[in-house]
$ cat upload_11.cif   # mmCIF, C-alpha atoms
data_structure
#
loop_
_atom_site.label_atom_id
_atom_site.label_comp_id
_atom_site.auth_asym_id
_atom_site.auth_seq_id
_atom_site.Cartn_x
_atom_site.Cartn_y
_atom_site.Cartn_z
CA MET A 1 53.89 3.56 -80.58
CA THR A 2 52.55 6.10 -78.11
CA ASP A 3 52.93 5.20 -74.43
CA THR A 4 49.43 5.80 -73.09
CA THR A 5 50.56 4.90 -69.56
CA ALA A 6 53.02 7.78 -69.24
CA ARG A 7 52.21 10.17 -66.43
CA PRO A 8 51.35 13.76 -67.34
CA ALA A 9 54.18 16.24 -66.99
CA SER A 10 54.23 18.34 -63.83
CA PRO A 11 52.86 21.87 -64.31
CA THR A 12 55.51 24.50 -64.92
CA LEU A 13 56.09 28.00 -63.63
CA ASP A 14 55.11 29.36 -67.08
CA GLU A 15 51.75 27.55 -66.96
CA VAL A 16 51.03 29.06 -63.55
CA ALA A 17 51.87 32.51 -64.96
CA VAL A 18 49.53 32.06 -67.96
CA LEU A 19 46.63 30.87 -65.80
CA ALA A 20 47.14 33.67 -63.26
CA GLY A 21 47.52 36.31 -65.98
CA VAL A 22 50.83 37.58 -64.59
CA SER A 23 54.49 37.41 -65.55
CA ARG A 24 56.77 34.51 -64.75
CA ALA A 25 58.78 36.83 -62.49
CA THR A 26 55.67 37.68 -60.48
CA VAL A 27 54.95 33.98 -59.92
CA SER A 28 58.53 33.50 -58.71
CA ARG A 29 58.21 36.43 -56.30
CA VAL A 30 54.97 35.03 -54.82
CA ILE A 31 56.46 31.56 -54.37
CA ASN A 32 59.51 33.06 -52.65
CA ASP A 33 57.39 35.29 -50.36
CA SER A 34 58.66 38.55 -51.80
CA PRO A 35 56.75 41.61 -50.52
CA ARG A 36 56.99 43.30 -53.96
CA VAL A 37 53.70 41.82 -55.20
CA SER A 38 50.22 43.36 -55.11
CA PRO A 39 47.56 41.54 -53.07
CA GLU A 40 45.54 40.91 -56.25
CA ALA A 41 48.46 39.33 -58.09
CA ARG A 42 49.41 37.27 -55.05
CA GLU A 43 45.87 35.87 -54.79
CA ALA A 44 45.75 35.12 -58.53
CA VAL A 45 49.04 33.19 -58.35
CA ARG A 46 47.99 31.23 -55.28
CA SER A 47 44.72 30.30 -56.97
CA ALA A 48 46.55 29.12 -60.08
CA VAL A 49 49.05 27.14 -58.00
CA ALA A 50 46.19 25.37 -56.22
CA GLN A 51 44.26 24.72 -59.45
CA LEU A 52 47.28 23.27 -61.28
CA ARG A 53 48.66 21.57 -58.15
CA TYR A 54 51.99 23.16 -58.88
CA VAL A 55 54.87 22.13 -56.60
CA PRO A 56 57.91 24.46 -56.60
CA ASN A 57 61.24 22.89 -57.44
CA ARG A 58 63.11 23.05 -54.11
CA MET A 59 66.54 23.07 -55.74
CA ALA A 60 65.64 25.94 -58.06
CA ARG A 61 64.02 27.83 -55.17
CA SER A 62 67.12 27.44 -53.03
CA LEU A 63 69.22 29.04 -55.82
CA VAL A 64 66.98 32.11 -55.65
CA THR A 65 66.57 32.37 -51.89
CA ARG A 66 69.97 30.92 -50.94
CA ARG A 67 68.21 28.84 -48.32
CA THR A 68 68.12 25.11 -47.73
CA ASP A 69 65.00 25.08 -45.51
CA THR A 70 67.08 22.97 -43.13
CA ILE A 71 68.35 23.74 -39.63
CA ALA A 72 70.82 21.70 -37.63
CA LEU A 73 70.53 20.68 -33.98
CA VAL A 74 74.08 19.97 -32.83
CA LEU A 75 74.84 18.09 -29.60
CA ASN A 76 78.40 18.13 -28.28
CA GLU A 77 78.30 14.86 -26.36
CA PRO A 78 79.05 11.16 -26.95
CA ASN A 79 76.21 9.34 -28.70
CA THR A 80 75.58 7.15 -25.64
CA GLN A 81 74.84 10.19 -23.48
CA VAL A 82 72.80 11.95 -26.18
CA PHE A 83 70.33 9.10 -26.45
CA SER A 84 70.17 8.21 -22.76
CA ASP A 85 69.90 11.64 -21.14
CA PRO A 86 66.26 12.77 -20.80
CA PHE A 87 67.21 16.45 -21.18
CA PHE A 88 68.66 15.92 -24.66
CA ALA A 89 65.75 13.72 -25.70
CA SER A 90 63.24 16.37 -24.57
CA ILE A 91 64.99 19.14 -26.53
CA VAL A 92 65.15 17.01 -29.70
CA ARG A 93 61.46 16.14 -29.41
CA GLY A 94 60.51 19.74 -28.64
CA VAL A 95 62.39 21.31 -31.56
CA SER A 96 61.09 18.64 -33.92
CA ALA A 97 57.50 19.27 -32.76
CA THR A 98 57.92 23.03 -33.16
CA LEU A 99 59.00 22.55 -36.79
CA ALA A 100 56.29 19.98 -37.59
CA ASP A 101 53.87 22.54 -39.05
CA THR A 102 56.53 24.35 -41.09
CA ASP A 103 58.36 23.51 -44.32
CA LEU A 104 61.65 23.33 -42.44
CA ASN A 105 63.66 20.14 -42.05
CA LEU A 106 65.70 19.25 -38.96
CA VAL A 107 69.03 17.44 -39.05
CA LEU A 108 70.55 16.07 -35.84
CA LEU A 109 74.34 16.15 -35.64
CA THR A 110 76.50 14.89 -32.78
CA ALA A 111 80.11 15.85 -32.09
CA ARG A 112 82.09 13.56 -29.82
CA ASP A 113 85.40 15.41 -30.08
CA GLU A 114 87.10 18.44 -31.60
CA ARG A 115 87.68 16.69 -34.94
CA GLU A 116 83.93 16.13 -35.34
CA GLN A 117 83.21 19.71 -34.27
CA GLN A 118 85.51 20.98 -37.01
CA LYS A 119 83.75 18.68 -39.48
CA ILE A 120 80.34 20.08 -38.49
CA GLY A 121 81.74 23.60 -38.84
CA ARG A 122 82.81 22.86 -42.43
CA TYR A 123 79.40 21.30 -43.17
CA ALA A 124 77.61 24.43 -41.97
CA ARG A 125 79.98 26.83 -43.76
CA GLN A 126 79.42 24.99 -47.03
CA GLY A 127 75.78 26.10 -46.95
CA HIS A 128 74.05 22.82 -46.09
CA VAL A 129 71.94 24.43 -43.34
CA ASP A 130 70.32 27.82 -42.80
CA GLY A 131 71.17 27.95 -39.09
CA VAL A 132 72.28 25.97 -36.05
CA ILE A 133 70.93 25.28 -32.57
CA LEU A 134 73.94 24.28 -30.48
CA MET A 135 73.52 22.26 -27.27
CA SER A 136 75.81 21.12 -24.48
CA VAL A 137 78.58 23.65 -25.04
CA HIS A 138 81.80 23.08 -23.07
CA SER A 139 84.36 25.76 -22.27
CA ASN A 140 86.87 24.61 -24.91
CA ASP A 141 84.42 23.91 -27.76
CA PRO A 142 85.51 25.59 -31.03
CA LEU A 143 82.09 25.44 -32.73
CA PRO A 144 80.57 28.68 -31.37
CA GLU A 145 83.53 30.69 -32.65
CA ILE A 146 83.64 28.82 -35.98
CA LEU A 147 79.95 29.41 -36.67
CA GLU A 148 79.98 33.01 -35.43
CA GLU A 149 82.96 33.94 -37.63
CA ALA A 150 81.25 32.30 -40.63
CA GLY A 151 78.15 34.45 -40.06
CA ILE A 152 75.87 31.43 -39.69
CA PRO A 153 72.67 32.07 -37.69
CA LEU A 154 73.25 30.45 -34.32
CA VAL A 155 71.38 29.98 -31.03
CA LEU A 156 72.89 28.27 -28.00
CA CYS A 157 70.89 26.12 -25.63
CA GLY A 158 72.61 27.49 -22.56
CA ARG A 159 74.42 30.73 -21.78
CA PRO A 160 77.83 31.06 -23.49
CA PHE A 161 80.59 29.97 -21.14
CA ASP A 162 82.93 32.82 -22.09
CA GLY A 163 80.32 35.59 -22.19
CA ARG A 164 80.48 35.77 -25.99
CA ASP A 165 77.71 37.91 -27.49
CA LEU A 166 75.63 35.08 -28.97
CA ALA A 167 71.89 34.49 -28.82
CA TYR A 168 70.90 31.84 -26.29
CA VAL A 169 68.00 30.32 -24.39
CA ASP A 170 68.68 28.99 -20.90
CA ALA A 171 66.90 27.93 -17.75
CA ASP A 172 67.57 29.96 -14.62
CA ASN A 173 70.13 27.44 -13.39
CA SER A 174 71.51 29.55 -10.57
CA GLY A 175 68.06 30.53 -9.33
CA GLY A 176 66.85 26.92 -9.54
CA ALA A 177 69.81 25.71 -7.48
CA GLU A 178 69.04 28.40 -4.90
CA LEU A 179 65.45 27.13 -4.72
CA ALA A 180 66.76 23.62 -4.05
CA ALA A 181 69.23 24.68 -1.36
CA ARG A 182 66.72 27.00 0.36
CA HIS A 183 64.20 24.15 0.46
CA LEU A 184 66.74 21.89 2.15
CA LEU A 185 67.58 24.66 4.63
CA SER A 186 63.88 25.13 5.38
CA THR A 187 63.64 21.50 6.49
CA GLY A 188 66.35 22.06 9.10
CA ARG A 189 69.28 20.60 7.17
CA ARG A 190 72.59 22.34 7.76
CA ARG A 191 75.28 19.98 6.39
CA ILE A 192 74.24 20.25 2.74
CA GLY A 193 76.54 18.87 0.06
CA THR A 194 76.24 19.09 -3.71
CA VAL A 195 77.00 16.89 -6.70
CA THR A 196 77.75 19.39 -9.46
CA GLY A 197 77.48 19.05 -13.18
CA PRO A 198 80.66 19.27 -15.30
CA LEU A 199 82.38 22.51 -14.35
CA ASP A 200 83.45 23.16 -17.95
CA MET A 201 79.75 23.73 -18.75
CA ILE A 202 77.86 26.86 -17.76
CA ALA A 203 74.94 24.84 -16.32
CA GLY A 204 77.34 23.09 -13.94
CA VAL A 205 78.94 26.38 -12.91
CA ASP A 206 75.63 28.21 -12.44
CA ARG A 207 74.04 25.44 -10.37
CA LEU A 208 77.09 25.31 -8.11
CA HIS A 209 76.89 29.10 -7.73
CA GLY A 210 73.21 28.96 -6.77
CA TRP A 211 73.83 26.28 -4.13
CA ARG A 212 76.73 28.25 -2.67
CA SER A 213 74.82 31.55 -2.66
CA ALA A 214 71.85 30.09 -0.77
CA LEU A 215 74.06 28.50 1.88
CA GLN A 216 76.16 31.62 2.37
CA ALA A 217 73.04 33.80 2.68
CA ALA A 218 71.85 31.48 5.47
CA GLY A 219 75.22 31.56 7.24
CA VAL A 220 75.85 27.87 6.48
CA GLU A 221 79.30 26.64 5.48
CA ALA A 222 79.76 25.74 1.81
CA ALA A 223 83.04 23.92 2.33
CA PRO A 224 85.06 22.33 -0.53
CA ARG A 225 84.66 18.91 1.12
CA MET A 226 80.89 19.23 0.53
CA VAL A 227 81.35 19.48 -3.27
CA ALA A 228 81.89 16.59 -5.69
CA GLU A 229 81.90 17.01 -9.47
CA GLY A 230 79.68 14.76 -11.60
CA ASP A 231 79.06 14.45 -15.32
CA PHE A 232 75.23 14.53 -15.65
CA THR A 233 75.07 10.71 -15.91
CA GLU A 234 73.63 8.22 -13.42
CA ALA A 235 76.99 6.47 -13.05
CA GLY A 236 78.71 9.81 -12.51
CA GLY A 237 76.19 10.72 -9.81
CA ALA A 238 76.80 7.43 -8.01
CA ARG A 239 80.57 7.97 -8.05
CA ALA A 240 80.32 11.59 -6.89
CA MET A 241 77.95 10.63 -4.06
CA ALA A 242 80.43 8.01 -2.86
CA GLU A 243 83.14 10.70 -2.89
CA LEU A 244 80.92 13.03 -0.85
CA LEU A 245 80.19 10.34 1.74
CA GLU A 246 83.91 9.73 2.12
CA ASP A 247 84.83 13.41 2.43
CA ALA A 248 81.76 14.55 4.40
CA PRO A 249 80.27 11.52 6.19
CA ASP A 250 78.22 13.82 8.43
CA LEU A 251 76.21 15.42 5.59
CA ASP A 252 72.44 15.42 6.06
CA ALA A 253 71.35 16.65 2.61
CA VAL A 254 72.59 16.88 -0.96
CA PHE A 255 71.62 18.96 -3.96
CA VAL A 256 72.35 16.96 -7.11
CA ALA A 257 72.62 19.01 -10.31
CA SER A 258 70.64 16.61 -12.55
CA ASP A 259 68.00 13.93 -12.06
CA PRO A 260 70.00 11.11 -13.68
CA MET A 261 72.85 11.88 -11.27
CA ALA A 262 70.37 12.01 -8.40
CA VAL A 263 69.18 8.50 -9.24
CA GLY A 264 72.79 7.34 -9.03
CA ALA A 265 73.20 9.19 -5.73
CA LEU A 266 70.12 7.46 -4.30
CA ARG A 267 71.64 4.11 -5.22
CA THR A 268 74.90 4.96 -3.45
CA LEU A 269 73.10 6.20 -0.34
CA ARG A 270 71.00 3.03 -0.19
CA ALA A 271 74.14 0.88 -0.51
CA ALA A 272 75.74 2.88 2.33
CA GLY A 273 72.74 2.27 4.59
CA ARG A 274 71.62 5.93 4.53
CA ARG A 275 67.84 6.41 4.54
CA VAL A 276 66.33 9.06 2.25
CA PRO A 277 65.09 11.51 3.44
CA ASP A 278 65.49 10.52 7.12
CA ASP A 279 69.28 10.49 7.14
CA VAL A 280 70.03 12.39 3.93
CA ALA A 281 67.55 14.53 2.01
CA VAL A 282 68.06 14.68 -1.77
CA VAL A 283 66.98 17.28 -4.34
CA GLY A 284 67.65 16.90 -8.06
CA PHE A 285 67.39 19.16 -11.10
CA ASP A 286 65.40 18.65 -14.36
CA ASP A 287 62.09 17.06 -13.33
CA ALA A 288 62.78 14.25 -15.77
CA ALA A 289 60.28 11.39 -15.99
CA VAL A 290 62.48 9.22 -13.77
CA ALA A 291 62.11 11.70 -10.88
CA ALA A 292 58.48 10.69 -10.26
CA VAL A 293 59.08 6.93 -10.34
CA CYS A 294 62.40 6.42 -8.55
CA ASP A 295 62.50 5.23 -4.92
CA PRO A 296 61.76 7.50 -3.16
CA PRO A 297 60.19 9.90 -5.68
CA LEU A 298 62.58 12.78 -6.19
CA THR A 299 62.10 16.38 -5.11
CA THR A 300 63.62 18.33 -7.97
CA VAL A 301 63.87 21.63 -9.83
CA ALA A 302 61.79 21.62 -13.02
CA GLN A 303 63.38 22.95 -16.19
CA PRO A 304 60.82 24.71 -18.41
CA LEU A 305 61.65 22.72 -21.54
CA GLY A 306 58.15 23.29 -22.93
CA ASP A 307 58.96 27.01 -23.04
CA MET A 308 62.61 26.71 -24.01
CA THR A 309 62.32 24.63 -27.19
CA PRO A 310 59.91 26.97 -29.05
CA LEU A 311 62.12 29.90 -28.03
CA LEU A 312 65.23 28.21 -29.41
CA THR A 313 63.51 27.78 -32.77
CA GLU A 314 61.95 31.26 -32.74
CA LEU A 315 65.27 32.99 -32.06
CA LEU A 316 67.01 31.02 -34.80
CA LEU A 317 64.32 31.72 -37.41
CA ARG A 318 64.44 35.43 -36.57
CA GLN A 319 68.19 35.43 -37.22
CA ILE A 320 67.71 33.55 -40.49
CA ASP A 321 65.28 36.29 -41.52
CA GLY A 322 67.92 38.91 -40.78
CA GLU A 323 66.59 40.09 -37.42
CA ARG A 324 68.50 40.44 -34.17
CA ALA A 325 67.48 37.83 -31.62
CA GLU A 326 67.46 38.69 -27.91
CA SER A 327 68.54 35.98 -25.48
CA ARG A 328 66.08 34.55 -22.97
CA ILE A 329 66.40 33.07 -19.47
CA VAL A 330 63.35 31.04 -18.43
CA PRO A 331 62.32 30.64 -14.74
CA THR A 332 62.53 27.29 -12.93
CA ARG A 333 60.34 25.95 -10.12
CA LEU A 334 60.63 23.45 -7.29
CA VAL A 335 58.64 20.19 -7.49
CA ARG A 336 58.27 18.61 -4.04
CA ARG A 337 58.19 14.84 -3.61
CA ALA A 338 59.32 12.38 -0.96
CA SER A 339 63.12 12.61 -1.15
CA ALA A 340 63.33 15.97 0.66
#

$ encode --input "upload_11.cif" --output "structure tokens"
Amino acid sequence: MTDTTARPASPTLDEVAVLAGVSRATVSRVINDSPRVSPEAREAVRSAVAQLRYVPNRMARSLVTRRTDTIALVLNEPNTQVFSDPFFASIVRGVSATLADTDLNLVLLTARDEREQQKIGRYARQGHVDGVILMSVHSNDPLPEILEEAGIPLVLCGRPFDGRDLAYVDADNSGGAELAARHLLSTGRRRIGTVTGPLDMIAGVDRLHGWRSALQAAGVEAAPRMVAEGDFTEAGGARAMAELLEDAPDLDAVFVASDPMAVGALRTLRAAGRRVPDDVAVVGFDDAAVAAVCDPPLTTVAQPLGDMTPLLTELLLRQIDGERAESRIVPTRLVRRASA
């Protein structure tokens, strides 16, 4: 018996070629965006594709183009920090939104330690992705070198720690920290401490450098006792603020190198009976959503994430297409609220 319920077969490449009046090879070149096709033939193929509702076989197409139409966003942090830190969440949302109108897929990979970094390196070298956006790079991370040596298109979110010649997009971390410190100086504060980010990350190093440069330019001491290292988490900010209060109980202001840490610092100051900003003025960095709703609302340095995420994707796609991608540093700005 004939099965009258069977679905019609999907149109083939040969059927598209017959309808368009061109060769099978010409249809393949149009589908794979080859420039070696006349405008007339390209239009005829596209018309036939639309009329037949032809859908290219992705696996067959990838054999021709050697592309997976997939890029990886790799975050070198524990899962708990990845999903709780507003900076990471904003980058993930931004890259995903940038790719929404393309045919590209995004995979999110997290590496908690060197073993997982090596695993991701093997995954990329085996051809599962066309390129990688790498976030939260620490000084001893092997992934940048692994991916560079494998010739995999790569863009870093953040300047390379070791000065390696890799494409990157970064905020002006040093300049933003200078803005924060100069603002505190302009309010008459002179005993200005800082809670740094991790000093094995370039953002932590650059923000410390900006704070120190602003103080030294104003002739204000940037003593070691006024510096406590944090880890970009709220708990880490609370611990570092407690350390600062112990080492420099006379401080009258603090620049905190991330908003989550600044929230922790506010909690520690409140527990110590220090009023903000009367006794201690506080400036953060990020302009995360929490900055506007914490008590008091946080003066902070805004990272231009809305500009950075499209640039990350643009630079990676240019590399995938065989172009050289120039690195970008995006300006920051001060957002004034009640904490300083």

$ atom_distance --input "upload_11.cif" --atom1 "CA of Phe88 (chain A)" --atom2 "CA of Ala288 (chain A)"
10.8 Å

$ residues_around --input "upload_11.cif" --residues "region 108-110 of chain A" --least-positions-apart "5" --cutoff "12 Å" --atoms "all atoms listed in the file" --output "PyMOL selection string"
chain A and resi 70-83+88-89+91-93+95-96+115-121+123-124+129+132-137+143

$ residues_around --input "upload_11.cif" --residues "Ala20 (chain A)" --least-positions-apart "6" --cutoff "9 Å" --atoms "all atoms listed in the file" --output "VMD selection string"
chain A and resid 27 41 43 to 49

$ atom_distance --input "upload_11.cif" --atom1 "CA of Phe255 (chain A)" --atom2 "CA of Leu312 (chain A)"
27.8 Å

$ residues_around --input "upload_11.cif" --residues "region 178-187 of chain A" --least-positions-apart "3" --cutoff "6 Å" --atoms "all atoms listed in the file" --output "list in words"
Gly175, Gly210, Trp211 and Ala214 of chain A

$ atom_distance --input "upload_11.cif" --atom1 "CA of Ala272 (chain A)" --atom2 "CA of Ala242 (chain A)"
8.7 Å

$ closest_residue --input "upload_11.cif" --among "A:Pro11, A:Pro160, A:Gly176, A:Pro39" --to "Gln303 (chain A)" --atoms "all atoms listed in the file"
A:Gly176

$ closest_residue --input "upload_11.cif" --among "A:Asp307, A:Arg324, A:Arg336, A:Leu215" --to "Thr98 (chain A)" --atoms "all atoms listed in the file"
A:Asp307

$ resolve_selection --input "upload_11.cif" --expression "the PyMOL selection byres ((chain A and resi 13) around 9)" --output "PyMOL selection string"
chain A and resi 11-12+14-18+24+27-28+54+56

$ residues_near_point --input "upload_11.cif" --point "(75.4, 6.8, -1.5)" --cutoff "7 Å" --atoms "all atoms listed in the file" --output "list in words"
Ala238, Met241, Ala242, Leu245, Ala265, Leu266, Arg267, Thr268, Leu269, Arg270, Ala271 and Ala272 of chain A

$ residues_near_point --input "upload_11.cif" --point "(69.8, 15.8, -10.7)" --cutoff "10 Å" --atoms "only C-alpha atoms" --output "ChimeraX atom specification"
/A:195-197,230,232-234,237,255-265,282-288,291,298-301

$ write_last_selection --input "upload_11.cif" --atoms "C-alpha atoms" --output "compact mmCIF listing (two decimals), in the coordinates of the input"
# COMPACT_ATOMS: atom_id res chain seq x y z
CA VAL A 195 77.00 16.89 -6.70
CA THR A 196 77.75 19.39 -9.46
CA GLY A 197 77.48 19.05 -13.18
CA GLY A 230 79.68 14.76 -11.60
CA PHE A 232 75.23 14.53 -15.65
CA THR A 233 75.07 10.71 -15.91
CA GLU A 234 73.63 8.22 -13.42
CA GLY A 237 76.19 10.72 -9.81
CA PHE A 255 71.62 18.96 -3.96
CA VAL A 256 72.35 16.96 -7.11
CA ALA A 257 72.62 19.01 -10.31
CA SER A 258 70.64 16.61 -12.55
CA ASP A 259 68.00 13.93 -12.06
CA PRO A 260 70.00 11.11 -13.68
CA MET A 261 72.85 11.88 -11.27
CA ALA A 262 70.37 12.01 -8.40
CA VAL A 263 69.18 8.50 -9.24
CA GLY A 264 72.79 7.34 -9.03
CA ALA A 265 73.20 9.19 -5.73
CA VAL A 282 68.06 14.68 -1.77
CA VAL A 283 66.98 17.28 -4.34
CA GLY A 284 67.65 16.90 -8.06
CA PHE A 285 67.39 19.16 -11.10
CA ASP A 286 65.40 18.65 -14.36
CA ASP A 287 62.09 17.06 -13.33
CA ALA A 288 62.78 14.25 -15.77
CA ALA A 291 62.11 11.70 -10.88
CA LEU A 298 62.58 12.78 -6.19
CA THR A 299 62.10 16.38 -5.11
CA THR A 300 63.62 18.33 -7.97
CA VAL A 301 63.87 21.63 -9.83

$ residues_around --input "upload_11.cif" --residues "region 277-281 of chain A" --least-positions-apart "5" --cutoff "8 Å" --atoms "only C-alpha atoms" --output "ChimeraX atom specification"
/A:184,251-254,338-340

$ closest_residue --input "upload_11.cif" --among "A:Ala248, A:Ala97, A:Ala325, A:Leu334" --to "Leu154 (chain A)" --atoms "all atoms listed in the file"
A:Ala325
